[in-house]
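Encoded as structure tokens, the structure appears first; notes follow it.
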Amino acid sequence: MHVVVIAKNTPDTEATVSVDASGNADWGDKLVVNPWDEYAITEAVLLKGAHNVTATVITLGTEEHAEALKHGLAIGCDQAIRIWDDALAGHDGLAYATAVAAAVNKLGDVSLVIFGKELSDIASDQHIFQTARKLGWNMLGFVAQIEAIDFAAKTIRVSRLTEQGSQVVSSALPAVISVVKDINEPKYPTFIGIRKAARAEIPVWDAAALGLDAAALSSKTAHIRYQALPAREGAVEIIDGATVQEQAEALVDKLLEDKVL
Amino acid sequence: MDFALTEEHVMAQQMVRDFAQKEIYPTIKEWDRKHAPHPDVLPRMAELGILGINVPVRYGGQGFDYITLALVCEELERVDATLRVVMSVHMGLNCMALMQWGTEEQKQRFLAPQARGEKYAAYALTEADAGSDPVSLRSTARREGDVYILNGEKMWISLATLADNILVIAKTDPHAERPHKGITAFMITRDMKGVTTGDIHGKMGVRAGSTGWIAMQDVEVPVENRIGEEGEGFYVAMSCLDNGRYTVGAGAVGCIRACLEDSVKYARERETFGVPIAHHQLIKQKIAYMQQWYDAAKLLILKAGWLKNQGQRNTRETAVAKWFATDMSVKAALEAVQLHGAYGFSDEYDVERYLRNAKGAVIYEGSSEIQQLIQADYALEYRKDKPLRCELPAYDVDYWQSEV
């Protein structure tokens, strides 16, 4: 039995992102593990500790994206796999999902696929739902807690975060879940894990290894250009008044007048 | 020549950085103001394996090399010197003494639980009237059958009230013709009858740390707790300093980095005369010097660490690294305070804490003055290293990382 976590490197969340006149975005030089994926990796390792399952971490990307895999191994995943094929350059969500689903199928006995809620750079999670669709498995998004999981009986019950509160859902396994930060406290790598990760030879699965035609990985959509947010313009106005009471009243009147309140 | 860190080094460094920044930094100022040890530091460092970072796996450690120890110390002191002090005394002055001088039985009995973080360790050489001149120490150890009876008082001992195992240096022959030959090292435990400890208050810096005194009154210490031979304690004590100074110097590198990073951030944000102060040449000069001190101090430390990995004697190289790095950390902290102006003078910003902490490190583990005498004596050939009966073992990755 197998739990798979799909992780990705994304630009540093502290980097200053800029967009030039031609619509090209500069995300900065530094990549970090997508912050949401830290929760996903930790959940896979926790499940591995609590059940007799293997935890595998998979990423899709060029070699510079392998750090997410090393991080997963250092935290306690058993193995790591990198998916890459030149046909995936500039991939869209569907191409991503096609490749990831093929890798999950290739592993064989997978019961659960875990994603972080979204990719922090483009704030997108469509690839997660597309992966579930490609696999033909149930999709449970925004999971805040796995309340019960029985790998032998092939059942899972989770608490999902919704806009209004939470919702408890049960499903058959195998399934795909995406997790939110309530699910756990991300683990640090262990020193033993670091030693293992540093030495790991990570296999790269290309289209042929996934049993796919390169054409199946071609994107149907493409990024044309980015647009920076319009610069905010603001002005400061000092509210006069002899007393704090007067100032407060003047402020309230002003806010009502400007329809802020 | 290869200046590159390994992937293991970088990942270990990142892990310790994440721990220190996420768990300790947010509240360190509060504990510094309270003059009280941060309660999470020791248990979390134990739990994460940091307390055994460069001890072989077979003795409960994590099996990393001596360079990693320096990188860990840098990351810890980037947040606060008190975190690094733990590594100086627990690892540098105690665990590494056991790695160098301990018998197999002592390694199993003391080193393994310390490396696993089950026991905390300290080192007690200094006394009220014996700091830079350790041969004048007054604590005594009198042999009576299978035990030694220890008496005396130690001062300025880090983790005095928190450590379980304390490496104590005492005189077994107070009238020895050559006084340093009358000194012996012992591992005492804080629960032994006759051991009392207390904290020292009113320190200028390292306020979120534990510094105290240890009094020994007729403490019965079994012969099996003697570290090294009788009369070998001076050499044990001095070899400990080769390792303690290494961690202090590595920590000072972290302090310089803290000053540099905080100064860069502030210089970009703070504006005077209509521009960020980073545009002013005298501000740039301060930043440039901090960068230079950081680079040079780090190279000296890594060189000492490389020598340790090779199993080569490094007394001089470690001493010069400690001297330079700590002196420059004081200068960097002074410049950082100056660059921050009135805010630097307030504990609203961290740089005044860096300055108070840095000032301690040019005094303890051999003052800067002692380090200068050491360097001069090596250059003048008044001082030469003689082989020790036990040397710090060279780092052997296969031996360090195998279970048995």
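Chain identifiers are assigned as A, B, and so on, following the order in which chains appear in the structure tokens; residues are numbered from 1 within each chain, and ligands are numbered from 1 in order of appearance.
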Report as a PyMOL selection string the set of chain A residues whose atoms approach chain B to within 9 Å, with distances computed over only C-alpha atoms. chain A and resi 71+74+188-192+194-195+197-199
Atoms to include: N, CA and C atoms. Write the selected residues as an mmCIF file, in the first residue's frame.
data_model
loop_
_atom_site.group_PDB
_atom_site.id
_atom_site.type_symbol
_atom_site.label_atom_id
_atom_site.label_comp_id
_atom_site.auth_asym_id
_atom_site.auth_seq_id
_atom_site.Cartn_x
_atom_site.Cartn_y
_atom_site.Cartn_z
ATOM 1 N N HIS A 71 13.710 17.414 0.013
ATOM 2 C CA HIS A 71 13.040 17.849 1.239
ATOM 3 C C HIS A 71 12.093 16.744 1.732
ATOM 4 N N ALA A 74 14.130 13.968 3.177
ATOM 5 C CA ALA A 74 14.746 14.365 4.453
ATOM 6 C C ALA A 74 13.726 14.352 5.588
ATOM 7 N N TYR A 188 10.180 19.216 10.502
ATOM 8 C CA TYR A 188 11.516 19.554 10.011
ATOM 9 C C TYR A 188 12.136 18.282 9.446
ATOM 10 N N PRO A 189 13.100 18.448 8.539
ATOM 11 C CA PRO A 189 13.883 17.274 8.160
ATOM 12 C C PRO A 189 14.593 16.709 9.395
ATOM 13 N N THR A 190 14.830 15.417 9.412
ATOM 14 C CA THR A 190 15.667 14.841 10.469
ATOM 15 C C THR A 190 17.081 14.729 9.911
ATOM 16 N N PHE A 191 18.063 14.653 10.805
ATOM 17 C CA PHE A 191 19.443 14.546 10.319
ATOM 18 C C PHE A 191 19.665 13.225 9.586
ATOM 19 N N ILE A 192 19.010 12.167 10.060
ATOM 20 C CA ILE A 192 19.122 10.885 9.354
ATOM 21 C C ILE A 192 18.511 11.029 7.961
ATOM 22 N N ILE A 194 18.266 13.744 6.223
ATOM 23 C CA ILE A 194 19.154 14.586 5.414
ATOM 24 C C ILE A 194 20.279 13.740 4.814
ATOM 25 N N ARG A 195 20.840 12.861 5.636
ATOM 26 C CA ARG A 195 21.925 12.001 5.130
ATOM 27 C C ARG A 195 21.414 11.120 3.998
ATOM 28 N N ALA A 197 18.739 11.702 2.085
ATOM 29 C CA ALA A 197 18.352 12.520 0.941
ATOM 30 C C ALA A 197 19.571 12.942 0.126
ATOM 31 N N ALA A 198 20.646 13.302 0.841
ATOM 32 C CA ALA A 198 21.841 13.782 0.145
ATOM 33 C C ALA A 198 22.425 12.692 -0.754
ATOM 34 N N ARG A 199 22.239 11.451 -0.370
ATOM 35 C CA ARG A 199 22.821 10.347 -1.141
ATOM 36 C C ARG A 199 21.868 9.744 -2.165
#
Could you write out, as a VMD selection string, all the residues of region 111-160 of chain A that DSSP marks as strand (DSSP E)? chain A and resid 111 to 116 138 to 150 155 to 160
Mind the document's chain letters and residue numbers, and return as JSON, numbers by chain the residues of region 120-292 of chain B that DSSP labels helix (DSSP H, G or I). {"B": [134, 135, 136, 179, 180, 181, 182, 223, 224, 225, 233, 234, 235, 236, 237, 238, 239, 240, 241, 242, 243, 244, 245, 246, 247, 248, 249, 250, 251, 252, 253, 254, 255, 256, 257, 258, 259, 260, 261, 262, 263, 264, 265, 266, 267, 268, 269, 277, 278, 279, 281, 282, 283, 284, 285, 286, 287, 288, 289, 290, 291, 292]}
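Across A:Gly61, A:Pro186, A:Gly93, A:Gly136, the tightest approach to Ala222 (chain A) is made by A:Gly93 when counting only C-alpha atoms.
Residues surrounding region 104-112 of chain B within 8 Å are Tyr59, Gly60, Gly61, Cys95, Leu98, Met99, Asn165, Glu224 and Asn225 of chain B [only C-alpha atoms; sequence separation below 5 positions excluded].
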